[in-house]
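J.: For reference, the file entry.cif (mmCIF, C-alpha atoms) is included below:
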data_work
#
loop_
_atom_site.label_atom_id
_atom_site.label_comp_id
_atom_site.auth_asym_id
_atom_site.auth_seq_id
_atom_site.Cartn_x
_atom_site.Cartn_y
_atom_site.Cartn_z
CA MET U 1 38.02 12.85 -19.92
CA PHE U 2 34.59 13.84 -21.13
CA ALA U 3 32.87 12.38 -18.09
CA ASN U 4 35.26 14.29 -15.86
CA TRP U 5 34.69 17.54 -17.64
CA ARG U 6 30.93 17.12 -17.50
CA LYS U 7 30.92 16.28 -13.82
CA LYS U 8 32.93 19.35 -13.03
CA SER U 9 30.73 21.72 -14.93
CA VAL U 10 27.31 20.36 -13.99
CA GLU U 11 27.61 19.81 -10.25
CA PRO U 12 28.74 23.29 -9.28
CA ALA U 13 25.93 24.76 -11.40
CA VAL U 14 23.36 22.79 -9.43
CA SER U 15 24.85 23.56 -6.05
CA SER U 16 25.30 27.23 -6.88
CA ASP U 17 21.63 27.28 -7.80
CA MET U 18 20.82 25.83 -4.40
CA LEU U 19 23.20 28.24 -2.80
CA SER U 20 21.62 31.29 -4.33
CA LYS U 21 18.17 30.02 -3.37
CA GLN U 22 19.42 29.54 0.17
CA ARG U 23 20.86 33.05 0.24
CA ARG U 24 17.64 34.47 -1.05
CA TYR U 25 15.69 32.62 1.60
CA ASN U 26 18.03 33.73 4.36
CA SER U 27 17.73 37.37 3.43
CA LEU U 28 13.97 37.02 3.14
CA VAL U 29 13.86 35.61 6.67
CA LYS U 30 16.14 38.29 8.07
CA ALA U 31 14.30 41.15 6.43
CA LEU U 32 10.74 40.08 7.01
CA HIS U 33 10.45 37.61 9.86
CA ALA U 34 9.69 40.30 12.44
CA ASP U 35 6.86 41.83 10.42
CA ILE U 36 5.45 38.42 9.57
CA PHE U 37 5.60 37.28 13.17
CA ARG U 38 3.96 40.47 14.42
CA TYR U 39 1.26 40.23 11.82
CA ALA U 40 0.62 36.61 12.82
CA TYR U 41 0.60 37.61 16.46
CA TRP U 42 -2.03 40.29 15.97
CA LEU U 43 -4.03 37.94 13.81
CA CYS U 44 -4.22 35.13 16.34
CA GLY U 45 -3.31 36.79 19.63
CA ASP U 46 -0.98 34.10 20.88
CA LYS U 47 2.79 34.15 20.68
CA HIS U 48 3.23 30.41 20.35
CA VAL U 49 0.57 30.06 17.72
CA ALA U 50 2.04 33.06 15.94
CA GLU U 51 5.44 31.40 15.93
CA ASP U 52 3.96 28.21 14.53
CA ILE U 53 2.17 30.09 11.79
CA THR U 54 5.36 31.99 10.99
CA GLN U 55 7.28 28.71 10.74
CA GLU U 56 4.69 27.20 8.42
CA THR U 57 4.58 30.35 6.34
CA PHE U 58 8.32 30.43 5.80
CA LEU U 59 8.50 26.70 5.08
CA ARG U 60 5.85 27.07 2.44
CA ALA U 61 7.67 30.10 1.11
CA TRP U 62 10.85 28.04 0.82
CA ARG U 63 9.09 25.30 -1.09
CA SER U 64 7.71 27.71 -3.64
CA LEU U 65 10.46 30.29 -3.56
CA ASP U 66 11.01 29.87 -7.29
CA SER U 67 7.52 31.24 -7.92
CA LEU U 68 8.45 34.56 -6.31
CA LYS U 69 9.66 36.52 -9.30
CA ASP U 70 9.76 40.02 -7.91
CA ASP U 71 11.53 40.53 -4.60
CA LYS U 72 9.61 43.75 -4.01
CA ALA U 73 6.43 41.71 -3.81
CA ALA U 74 7.93 39.42 -1.20
CA LYS U 75 6.09 40.92 1.75
CA ALA U 76 2.67 40.76 0.13
CA TRP U 77 3.48 37.25 -1.05
CA LEU U 78 4.42 36.11 2.45
CA ILE U 79 1.34 37.71 3.93
CA THR U 80 -0.85 35.92 1.42
CA ILE U 81 0.75 32.64 2.47
CA LEU U 82 0.34 33.56 6.13
CA ARG U 83 -3.33 34.42 5.80
CA ARG U 84 -3.95 31.10 4.08
CA GLU U 85 -1.98 29.33 6.79
CA ASN U 86 -4.02 31.08 9.45
CA ALA U 87 -7.28 30.16 7.73
CA ARG U 88 -6.11 26.55 7.56
CA ARG U 89 -5.65 26.60 11.31
CA PHE U 90 -9.32 27.45 11.66
CA GLU U 91 -10.31 24.66 9.31
CA ARG U 92 -8.47 22.21 11.50
CA LYS U 93 -9.79 23.40 14.80
CA GLN U 94 -11.80 26.31 15.99
CA PHE U 95 -9.73 28.17 18.54
CA ASP U 96 -11.19 30.98 20.47
CA TYR U 97 -8.84 33.88 20.30
CA SER U 98 -11.49 36.54 20.07
CA ASP U 99 -10.71 37.69 23.55
CA VAL U 100 -7.12 38.66 23.23
CA GLU U 101 -5.90 38.71 26.78
CA GLN U 102 -2.26 38.44 25.95
CA ASP U 103 0.95 38.83 27.80
CA THR U 104 0.80 42.45 26.95
CA LEU U 105 3.01 43.77 29.70
CA GLU U 106 6.20 43.48 27.79
CA ASP U 107 9.50 44.15 29.45
CA ASN U 108 10.51 47.26 27.63
CA ILE U 109 13.26 48.44 29.90
CA SER U 110 13.86 51.55 27.87
CA ASN U 111 10.28 52.69 28.30
CA SER U 112 9.16 54.48 31.40
CA SER U 113 6.39 52.85 33.39
CA GLU U 114 3.93 55.47 32.23
CA GLU U 115 4.66 54.62 28.62
CA GLN U 116 4.36 50.97 29.48
CA THR U 117 0.93 51.48 30.95
CA GLU U 118 -0.16 53.41 27.93
CA GLN U 119 1.17 50.79 25.57
CA TYR U 120 -0.56 48.11 27.59
CA LEU U 121 -3.86 49.94 27.20
CA ILE U 122 -3.36 50.47 23.49
CA ARG U 123 -2.53 46.82 22.98
CA ARG U 124 -5.63 45.79 24.85
CA GLN U 125 -7.73 48.03 22.65
CA ILE U 126 -6.16 46.75 19.46
CA GLY U 127 -6.82 43.23 20.69
CA LYS U 128 -10.45 44.05 21.35
CA LEU U 129 -10.94 45.43 17.86
CA ASP U 130 -12.98 43.17 15.57
CA ILE U 131 -10.69 41.11 13.36
CA GLU U 132 -12.29 42.54 10.24
CA TYR U 133 -11.31 46.04 11.34
CA ARG U 134 -8.03 44.99 12.89
CA GLU U 135 -6.64 43.24 9.85
CA PRO U 136 -6.67 46.15 7.38
CA LEU U 137 -5.12 48.33 10.05
CA LEU U 138 -2.35 45.78 10.59
CA LEU U 139 -1.71 45.66 6.89
CA GLN U 140 -1.51 49.43 6.78
CA LEU U 141 0.63 49.94 9.86
CA ILE U 142 2.83 46.84 9.93
CA GLY U 143 2.83 46.05 6.24
CA GLY U 144 2.87 49.62 4.99
CA PHE U 145 0.44 48.69 2.23
CA SER U 146 -1.78 51.14 0.38
CA GLY U 147 -5.55 50.86 0.28
CA ASP U 148 -5.42 49.19 -3.12
CA GLU U 149 -2.83 46.67 -1.99
CA ILE U 150 -4.83 45.82 1.12
CA ALA U 151 -7.93 45.38 -1.01
CA GLU U 152 -6.04 42.95 -3.23
CA LEU U 153 -4.57 41.00 -0.32
CA MET U 154 -7.88 40.66 1.49
CA GLU U 155 -9.85 40.13 -1.69
CA LEU U 156 -12.22 42.93 -0.82
CA ASN U 157 -13.09 46.02 -2.77
CA ARG U 158 -11.22 49.19 -1.97
CA ASN U 159 -14.21 51.04 -0.52
CA THR U 160 -14.84 48.28 2.00
CA VAL U 161 -11.20 48.40 3.05
CA MET U 162 -11.25 52.17 3.45
CA THR U 163 -14.47 52.03 5.48
CA ARG U 164 -12.93 49.44 7.78
CA LEU U 165 -9.80 51.54 8.23
CA PHE U 166 -11.96 54.50 9.08
CA ARG U 167 -13.96 52.52 11.65
CA ALA U 168 -10.84 50.96 13.13
CA ARG U 169 -9.23 54.32 13.76
CA SER U 170 -12.38 55.97 15.04
CA GLN U 171 -13.05 53.11 17.46
CA LEU U 172 -9.49 53.07 18.75
CA LYS U 173 -9.40 56.82 19.10
CA GLU U 174 -12.66 56.85 20.99
CA LEU U 175 -11.68 53.99 23.27
CA LEU U 176 -8.32 55.49 24.08
CA GLU U 177 -9.79 58.90 24.78
CA LYS U 178 -12.31 57.31 27.11
CA ASN U 179 -9.46 55.55 28.87
CA ASP U 180 -7.59 58.80 29.13
CA LEU U 181 -10.55 60.48 30.75
CA ARG U 182 -11.05 57.67 33.18
CA GLY U 183 -7.38 57.66 33.98
CA GLN U 184 -7.49 61.37 34.70
CA SER U 185 -10.54 61.23 36.88
CA ASN U 186 -9.06 58.34 38.79
CA GLY U 187 -5.67 59.90 39.11
CA MET N 1 -13.51 68.71 -0.61
CA ASP N 2 -16.20 68.81 2.04
CA GLU N 3 -15.59 68.39 5.75
CA LEU N 4 -17.04 64.91 5.95
CA LYS N 5 -14.94 63.57 3.12
CA PHE N 6 -11.85 65.13 4.64
CA ARG N 7 -12.51 63.52 8.01
CA ARG N 8 -13.11 60.18 6.36
CA GLN N 9 -9.88 60.37 4.45
CA ALA N 10 -8.01 61.48 7.54
CA TYR N 11 -9.22 58.45 9.46
CA GLU N 12 -8.56 56.14 6.55
CA ASP N 13 -4.98 57.25 6.21
CA PRO N 14 -3.61 60.33 7.99
CA HIS N 15 -0.41 60.05 5.96
CA ASN N 16 -2.28 60.52 2.71
CA GLN N 17 -0.19 62.64 0.34
CA ASP N 18 -2.87 63.63 -2.18
CA ALA N 19 -2.62 67.28 -3.21
CA ASP N 20 -6.32 67.86 -2.43
CA PHE N 21 -5.94 66.38 0.99
CA LEU N 22 -2.81 68.37 1.80
CA THR N 23 -4.49 71.63 0.77
CA GLN N 24 -7.41 70.77 3.01
CA ILE N 25 -5.10 70.18 5.97
CA ASN N 26 -3.60 73.60 5.59
CA ALA N 27 -6.97 75.26 5.04
CA LYS N 28 -8.05 75.14 8.69
CA PRO N 29 -6.19 74.90 11.97
CA GLU N 30 -8.77 72.34 13.21
CA ASN N 31 -7.88 70.11 10.31
CA GLN N 32 -4.24 70.49 11.13
CA ALA N 33 -4.97 69.52 14.71
CA LEU N 34 -7.03 66.49 13.72
CA ILE N 35 -4.28 65.27 11.43
CA ASN N 36 -1.68 65.72 14.13
CA GLU N 37 -3.85 63.88 16.57
CA LEU N 38 -4.37 61.01 14.17
CA LYS N 39 -0.70 60.87 13.26
CA ASN N 40 0.08 60.74 16.93
CA LEU N 41 -2.40 57.92 17.35
CA ASP N 42 -0.81 56.09 14.43
CA ALA N 43 2.62 56.44 15.96
CA LYS N 44 1.35 55.04 19.24
CA LEU N 45 -0.44 52.20 17.46
CA THR N 46 2.58 51.38 15.35
CA ASN N 47 4.67 51.27 18.49
CA ALA N 48 2.14 49.13 20.29
CA LEU N 49 1.99 46.70 17.38
CA LYS N 50 5.71 46.10 17.63
CA VAL N 51 5.53 43.18 19.99
CA ASP N 52 8.84 41.62 20.89
CA VAL N 53 10.10 39.06 18.45
CA ALA N 54 12.20 36.27 19.87
CA ASP N 55 15.84 36.93 19.01
CA ASP N 56 16.32 33.45 17.68
CA LEU N 57 13.21 33.35 15.52
CA ALA N 58 15.13 34.08 12.33
CA ASP N 59 17.64 31.36 13.17
CA LYS N 60 14.84 28.94 13.95
CA LEU N 61 13.20 29.65 10.62
CA ILE N 62 16.42 28.96 8.75
CA LEU N 63 17.09 25.87 10.82
CA ARG N 64 13.64 24.40 10.18
CA GLN N 65 14.05 24.97 6.47
CA GLN N 66 17.49 23.39 6.39
CA LEU N 67 16.37 20.36 8.36
CA GLN N 68 13.52 19.90 5.97
CA GLN N 69 15.82 20.31 3.01
CA HIS N 70 18.14 17.74 4.51
CA HIS N 71 15.31 15.26 4.99
CA LYS N 72 14.13 15.85 1.48
CA GLN N 73 17.59 15.19 0.09
CA ARG N 74 17.87 12.03 2.14
CA ARG N 75 14.48 10.90 0.96
CA GLN N 76 15.55 11.61 -2.60
CA THR N 77 18.84 9.75 -2.32
CA GLY N 78 17.02 6.91 -0.58
CA PHE N 79 14.57 6.82 -3.43
CA LEU N 80 17.38 6.84 -6.01
CA VAL N 81 19.23 4.04 -4.28
CA ALA N 82 16.06 1.99 -4.08
CA MET N 83 15.40 2.71 -7.75
CA ALA N 84 18.90 1.71 -8.80
CA ALA N 85 18.70 -1.44 -6.71
CA SER N 86 15.40 -2.52 -8.18
CA ILE N 87 16.57 -1.81 -11.72
CA ALA N 88 19.69 -3.87 -11.09
CA PHE N 89 17.53 -6.61 -9.64
CA VAL N 90 15.17 -6.68 -12.61
CA ILE N 91 18.10 -6.74 -15.03
CA GLY N 92 19.69 -9.59 -13.10
CA VAL N 93 16.49 -11.61 -13.04
CA SER N 94 15.71 -11.08 -16.69
CA PHE N 95 19.23 -12.07 -17.73
CA SER N 96 18.96 -15.31 -15.88
CA LEU N 97 15.52 -16.01 -17.34
CA LEU N 98 16.05 -14.99 -20.94
CA ARG N 99 19.54 -15.66 -21.97
CA LEU N 100 19.78 -13.62 -25.05
CA GLY N 101 21.78 -14.27 -28.15
CA PRO N 102 21.81 -17.29 -30.42
CA VAL N 103 22.15 -20.70 -28.91
CA ASP N 104 24.29 -23.23 -30.69
CA LEU N 105 22.34 -26.45 -30.40
CA ALA N 106 25.06 -28.67 -31.80
CA GLU N 107 27.59 -27.76 -29.18
CA HIS N 108 24.97 -28.21 -26.53
CA ALA N 109 23.91 -31.58 -27.79
CA LEU N 110 27.47 -32.89 -27.68
CA ALA N 111 28.05 -31.52 -24.21
CA HIS N 112 24.82 -33.13 -23.12
CA VAL N 113 25.79 -36.52 -24.39
CA TYR N 114 29.08 -36.37 -22.55
CA HIS N 115 27.41 -35.13 -19.44
CA GLU N 116 24.71 -37.79 -19.35
CA ASP N 117 26.98 -40.66 -20.12
CA MET N 118 24.68 -42.90 -18.10
CA ALA N 119 21.94 -42.61 -20.69
CA LEU N 120 23.91 -44.72 -23.16
CA HIS N 121 24.25 -47.58 -20.71
CA LEU N 122 20.66 -47.83 -19.51
CA ASP N 123 17.97 -50.01 -20.97
CA GLN N 124 14.50 -48.83 -20.06
CA ASN N 125 12.89 -50.28 -23.19
CA VAL N 126 10.52 -47.38 -23.61
CA ASN N 127 7.29 -47.66 -25.56
CA PHE N 128 6.65 -44.92 -28.13
CA ASN N 129 3.37 -44.03 -26.43
CA GLN N 130 5.31 -43.09 -23.36
CA VAL N 131 7.55 -40.88 -25.47
CA ASN N 132 4.47 -39.28 -26.99
CA ALA N 133 3.12 -38.53 -23.53
CA GLN N 134 6.34 -36.74 -22.71
CA LEU N 135 6.28 -34.85 -25.98
CA ALA N 136 2.77 -33.65 -25.26
CA SER N 137 3.92 -31.99 -22.07
CA LEU N 138 6.61 -29.91 -23.79
CA LYS N 139 5.78 -26.25 -23.85
CA ASP N 140 5.32 -24.42 -27.17
CA PHE N 141 5.28 -27.70 -28.93
CA GLY N 142 2.79 -28.64 -31.62
CA ASN N 143 0.98 -31.91 -31.91
CA ALA N 144 4.00 -33.77 -33.24
CA LYS N 145 4.22 -37.36 -32.12
CA PHE N 146 5.50 -40.78 -33.10
CA THR N 147 3.07 -42.86 -35.07
CA GLN N 148 4.89 -46.10 -34.37
CA GLN N 149 7.86 -47.42 -32.49
CA PRO N 150 11.07 -45.90 -34.00
CA GLY N 151 13.18 -48.94 -33.27
CA LYS N 152 14.09 -49.77 -29.70
CA VAL N 153 14.13 -46.82 -27.32
CA TYR N 154 16.58 -47.35 -24.46
CA TYR N 155 16.16 -44.17 -22.57
CA THR N 156 13.96 -41.14 -22.38
CA SER N 157 14.13 -38.06 -20.19
CA TYR N 158 13.48 -34.34 -20.20
CA CYS N 159 16.47 -32.13 -20.53
CA ASP N 160 17.23 -28.45 -20.67
CA PHE N 161 18.51 -26.70 -23.80
CA GLN N 162 19.32 -23.18 -22.55
CA GLY N 163 16.07 -22.89 -20.67
CA VAL N 164 14.00 -24.73 -23.27
CA LYS N 165 12.52 -27.96 -22.05
CA SER N 166 13.38 -30.71 -24.50
CA LEU N 167 13.36 -34.46 -24.82
CA HIS N 168 16.39 -36.70 -24.62
CA LEU N 169 16.08 -40.20 -26.18
CA VAL N 170 18.50 -43.00 -26.83
CA VAL N 171 17.45 -45.30 -29.70
CA GLN N 172 18.87 -48.36 -31.33
CA ALA N 173 20.36 -47.94 -34.81
CA GLU N 174 21.90 -50.57 -37.10
CA GLN N 175 25.29 -50.60 -35.45
CA GLY N 176 25.03 -48.89 -32.12
CA LYS N 177 23.02 -46.50 -30.05
CA VAL N 178 22.16 -43.00 -31.18
CA THR N 179 21.21 -40.13 -28.90
CA LEU N 180 18.24 -38.16 -30.11
CA PHE N 181 17.21 -34.70 -28.93
CA ILE N 182 13.83 -33.18 -29.71
CA VAL N 183 13.85 -29.43 -29.08
CA PRO N 184 10.79 -27.19 -29.61
CA LEU N 185 11.37 -24.59 -32.31
CA GLU N 186 12.71 -21.31 -31.08
CA LYS N 187 14.02 -18.37 -33.05
CA ARG N 188 17.27 -17.82 -31.23
CA MET N 189 18.42 -21.37 -31.80
CA VAL N 190 21.02 -22.06 -34.47
CA LEU N 191 21.23 -25.54 -35.90
CA ASP N 192 24.07 -27.01 -37.96
CA GLN N 193 23.31 -29.68 -40.50
CA THR N 194 26.22 -31.79 -39.39
CA PHE N 195 28.69 -31.48 -36.60
CA ALA N 196 31.30 -33.61 -34.94
CA ASP N 197 34.06 -33.81 -32.42
CA GLY N 198 36.75 -36.40 -31.80
CA LYS N 199 34.33 -39.10 -30.67
CA TYR N 200 30.83 -38.35 -31.89
CA GLN N 201 29.19 -37.46 -35.14
CA GLY N 202 26.18 -35.22 -35.10
CA MET N 203 23.34 -34.40 -37.43
CA GLY N 204 20.59 -31.85 -37.17
CA PHE N 205 17.39 -31.15 -39.06
CA GLU N 206 14.14 -29.34 -38.62
CA THR N 207 10.62 -30.69 -38.75
CA ALA N 208 7.43 -28.63 -38.69
CA ASP N 209 7.45 -28.39 -34.90
CA ALA N 210 10.90 -29.20 -33.66
CA PHE N 211 14.62 -29.32 -34.08
CA ILE N 212 15.88 -32.85 -34.13
CA LEU N 213 19.47 -33.53 -33.18
CA LEU N 214 21.15 -36.88 -33.56
CA VAL N 215 24.43 -37.79 -31.93
CA GLY N 216 26.16 -41.10 -32.40
CA GLU N 217 29.50 -42.74 -33.08
CA ASP N 218 28.73 -43.90 -36.61
CA LYS N 219 27.56 -41.64 -39.39
CA ALA N 220 25.63 -44.42 -41.14
CA ASP N 221 23.68 -44.99 -37.95
CA LEU N 222 22.71 -41.33 -37.91
CA SER N 223 21.30 -41.51 -41.42
CA TYR N 224 19.46 -44.66 -40.50
CA VAL N 225 17.82 -43.08 -37.48
CA LYS N 226 17.09 -39.95 -39.45
CA GLU N 227 15.11 -41.98 -41.98
CA GLU N 228 13.37 -43.83 -39.19
CA ILE N 229 12.36 -40.55 -37.53
CA LYS N 230 11.16 -39.08 -40.78
CA ASN N 231 8.89 -42.05 -41.22
CA THR N 232 7.54 -42.29 -37.72
CA PHE N 233 7.50 -38.74 -36.42
CA ILE N 234 4.90 -36.23 -37.49
#
Using the file provided, produce a representation of the structure as structure tokens.

T.:
Amino acid sequence: MFANWRKKSVEPAVSSDMLSKQRRYNSLVKALHADIFRYAYWLCGDKHVAEDITQETFLRAWRSLDSLKDDKAAKAWLITILRRENARRFERKQFDYSDVEQDTLEDNISNSSEEQTEQYLIRRQIGKLDIEYREPLLLQLIGGFSGDEIAELMELNRNTVMTRLFRARSQLKELLEKNDLRGQSNG
Amino acid sequence: MDELKFRRQAYEDPHNQDADFLTQINAKPENQALINELKNLDAKLTNALKVDVADDLADKLILRQQLQQHHKQRRQTGFLVAMAASIAFVIGVSFSLLRLGPVDLAEHALAHVYHEDMALHLDQNVNFNQVNAQLASLKDFGNAKFTQQPGKVYYTSYCDFQGVKSLHLVVQAEQGKVTLFIVPLEKRMVLDQTFADGKYQGMGFETADAFILLVGEDKADLSYVKEEIKNTFI
């Protein structure tokens, strides 16, 4: 009798624990996988590598999901894991992704060809941006983080982050304007 | 706020909502234009950053995790099964090695006599020195030995008393033969002073190093051998 009663009460508690962890993980994946993948992509410049890093990041996240107390911090938490994962990749082997010559001509059927060309150019310029300038910009634009949050994530002081954001935007603006001019004179 | 600081802040984050910053935007049309330009740039950048994500990426992520979880569970159950098996194994082995609980020597002695019926019919005419040699090889046994021949010894052999190596002798008494067991002292053994069944009489006593059990058909013979042992065995 007692054994029966205990079995019934303990097992569902354990499995419901697992179940709620699984649900939490699933919603985390659904909500954030696109941002995480894009961040990884712009960090390493290769879709396959980005997918690998994303996989590793989420696996690690699953293993330590219990340590994530506040769901609002989930994005920053995942990005921290991802950055570590990316750094680990460089410890293993030095890849050369500095020249990001990616498959940038995406099939965006909805976009007109003019928009496609422009987007292609912008992507090239973002890819050419130094990683130290690119990363804070990614965190700001993809992650939607504030200067303070970026500083915390990158373990830099806020002024450095703000300077890098400033340089990133000025460089991109300049490069794109130059492209515009060239495009006009050619066209 | 000076011009330079405003430009810096604009480039750092055109969506800045600080009151100071907002006032500065509205102060000059050029500022307004710069902010619009930068916001436009941001929109383009944000768009450009949105590279296509494989439709099945989310599913893949969940699948990978579940496969890993599955493996982990299998590893865990495998580990538990192995653990249970080895515990069962150890318990089995230790039960066969150390049979726990008290051992009734008397019962054993009688059973032994019946079992080794042959011993009562043999005549090996053993010298006491030979018996001493055998005694010396018993484990956990002191220096006890016979100082002289305890009457005629017909038979001597090692035997097993619940895992304890002991000595089995057959000696001549006044009337007939008496079987004599010498068992090293052990705590879990229980020894009765006298015991008997339909055929045999038994007698047990303890010396400094051993339990001595005597089994024979005649009680007087037992007493005789007991005296003999007391005189010759130290």

J.: Select residues of chain U: the criterion is any atom within 8 Å of an atom of chain N, counting only C-alpha atoms; output as a count of residues only.

T.: 27

J.: Take CA of Ala119 (chain N) and CA of Thr179 (chain N) and report the distance between them in Å, one decimal.

T.: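 Atom-to-atom, CA of Ala119 (chain N) and CA of Thr179 (chain N) are spaced 8.6 Å apart.
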
J.: Near Asn231 (chain N), within 9 Å and counting only C-alpha atoms, which residues show up once chain neighbours fewer than 5 positions away are dropped, as a PyMOL selection string?

T.: chain N and resi 146-148+150+226

J.: Which residues would end up in the selection if the PyMOL selection byres ((chain N and resi 109-117) around 10) were applied here, given that I need the answer as a ChimeraX atom specification?

T.: /N:104-108,118-122,159-161,168,179-181,195-197,199-202,204,213-216

J.: Write out the residues from the selection above, keeping C-alpha atoms, as a compact mmCIF listing (two decimals), in the coordinates of the input.

T.:
# COMPACT_ATOMS: atom_id res chain seq x y z
CA ASP N 104 24.29 -23.23 -30.69
CA LEU N 105 22.34 -26.45 -30.40
CA ALA N 106 25.06 -28.67 -31.80
CA GLU N 107 27.59 -27.76 -29.18
CA HIS N 108 24.97 -28.21 -26.53
CA MET N 118 24.68 -42.90 -18.10
CA ALA N 119 21.94 -42.61 -20.69
CA LEU N 120 23.91 -44.72 -23.16
CA HIS N 121 24.25 -47.58 -20.71
CA LEU N 122 20.66 -47.83 -19.51
CA CYS N 159 16.47 -32.13 -20.53
CA ASP N 160 17.23 -28.45 -20.67
CA PHE N 161 18.51 -26.70 -23.80
CA HIS N 168 16.39 -36.70 -24.62
CA THR N 179 21.21 -40.13 -28.90
CA LEU N 180 18.24 -38.16 -30.11
CA PHE N 181 17.21 -34.70 -28.93
CA PHE N 195 28.69 -31.48 -36.60
CA ALA N 196 31.30 -33.61 -34.94
CA ASP N 197 34.06 -33.81 -32.42
CA LYS N 199 34.33 -39.10 -30.67
CA TYR N 200 30.83 -38.35 -31.89
CA GLN N 201 29.19 -37.46 -35.14
CA GLY N 202 26.18 -35.22 -35.10
CA GLY N 204 20.59 -31.85 -37.17
CA LEU N 213 19.47 -33.53 -33.18
CA LEU N 214 21.15 -36.88 -33.56
CA VAL N 215 24.43 -37.79 -31.93
CA GLY N 216 26.16 -41.10 -32.40

J.: Looking at all atoms listed in the file, which of N:Thr194, N:Thr232, N:Thr207, N:Gln172 is the one that sits closest to Gln149 (chain N)?

T.: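 Ranked by minimum distance to Gln149 (chain N), first place goes to N:Thr232.
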
J.: Report, as lines of an AutoDock Vina configuration file, the centre and edge lengths in Å (one decimal) of the axis-aligned box enclosing every listed atom of region 15-21 of chain N, padded by 4 Å on each side.

T.:
center_x = -3.3
center_y = 64.0
center_z = 1.4
size_x = 14.1
size_y = 15.8
size_z = 17.2

J.: With the file shown as input, list the residues that the PyMOL selection byres ((chain N and resi 221) around 10) selects, as a PyMOL selection string.

T.: chain N and resi 172-178+201+214-220+222-227

J.: Write out as a PyMOL selection string the residues lying within 12 Å of Leu68 (chain U), counting all atoms listed in the file and excluding same-chain residues fewer than 4 positions away.

T.: chain U and resi 21+24-25+28+60-64+72-78+81

J.: Which value, in Å to one decimal, gives the distance between CA of Pro136 (chain U) and CA of Ile150 (chain U)?

T.: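 These atoms are spaced 6.5 Å apart.
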
J.: What separation in Å, quoted to one decimal, exists between CA of Asp123 (chain N) and CA of Val170 (chain N)?

T.: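 Separation between CA of Asp123 (chain N) and CA of Val170 (chain N): 9.2 Å.
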
J.: Please provide as JSON, numbers by chain all residues within 12 Å of Val161 (chain U), with the sequence filter that same-chain residues fewer than 4 positions apart are discarded (counting only C-alpha atoms).

T.: {"U": [132, 133, 134, 135, 136, 137, 138, 139, 140, 145, 146, 147, 148, 149, 150, 151, 152, 153, 154, 155, 156, 157, 165, 166, 167, 168], "N": [12, 13]}

J.: Could you list, as a VMD selection string, every residue within 12 Å of Val126 (chain N), counting all atoms listed in the file and ignoring same-chain residues fewer than 3 positions away?

T.: chain N and resid 122 to 123 129 to 134 149 to 157 169 to 172

J.: Complete region 42-53 of chain N with N, CA and C atoms (output as an mmCIF file, keeping the file's coordinate frame).

T.:
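Listing of rebuild-v4.cif after writing:
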data_model
loop_
_atom_site.group_PDB
_atom_site.id
_atom_site.type_symbol
_atom_site.label_atom_id
_atom_site.label_comp_id
_atom_site.auth_asym_id
_atom_site.auth_seq_id
_atom_site.Cartn_x
_atom_site.Cartn_y
_atom_site.Cartn_z
ATOM 1 N N ASP N 42 -1.472 57.077 15.279
ATOM 2 C CA ASP N 42 -0.810 56.090 14.430
ATOM 3 C C ASP N 42 0.559 55.706 14.970
ATOM 4 N N ALA N 43 1.287 56.717 15.423
ATOM 5 C CA ALA N 43 2.620 56.440 15.960
ATOM 6 C C ALA N 43 2.515 55.536 17.176
ATOM 7 N N LYS N 44 1.547 55.863 18.038
ATOM 8 C CA LYS N 44 1.350 55.040 19.240
ATOM 9 C C LYS N 44 0.954 53.617 18.860
ATOM 10 N N LEU N 45 0.023 53.523 17.891
ATOM 11 C CA LEU N 45 -0.440 52.200 17.460
ATOM 12 C C LEU N 45 0.719 51.399 16.875
ATOM 13 N N THR N 46 1.470 52.067 16.003
ATOM 14 C CA THR N 46 2.580 51.380 15.350
ATOM 15 C C THR N 46 3.559 50.856 16.397
ATOM 16 N N ASN N 47 3.790 51.681 17.399
ATOM 17 C CA ASN N 47 4.670 51.270 18.490
ATOM 18 C C ASN N 47 4.105 50.078 19.241
ATOM 19 N N ALA N 48 2.792 50.184 19.524
ATOM 20 C CA ALA N 48 2.140 49.130 20.290
ATOM 21 C C ALA N 48 2.115 47.818 19.522
ATOM 22 N N LEU N 49 2.032 47.916 18.199
ATOM 23 C CA LEU N 49 1.990 46.700 17.380
ATOM 24 C C LEU N 49 3.331 45.966 17.368
ATOM 25 N N LYS N 50 4.387 46.724 17.684
ATOM 26 C CA LYS N 50 5.710 46.100 17.630
ATOM 27 C C LYS N 50 5.958 45.232 18.854
ATOM 28 N N VAL N 51 5.283 44.107 18.891
ATOM 29 C CA VAL N 51 5.530 43.180 19.990
ATOM 30 C C VAL N 51 6.931 42.603 19.821
ATOM 31 N N ASP N 52 7.485 42.166 20.955
ATOM 32 C CA ASP N 52 8.840 41.620 20.890
ATOM 33 C C ASP N 52 8.870 40.350 20.047
ATOM 34 N N VAL N 53 9.886 40.271 19.242
ATOM 35 C CA VAL N 53 10.100 39.060 18.450
ATOM 36 C C VAL N 53 11.273 38.333 19.076
#
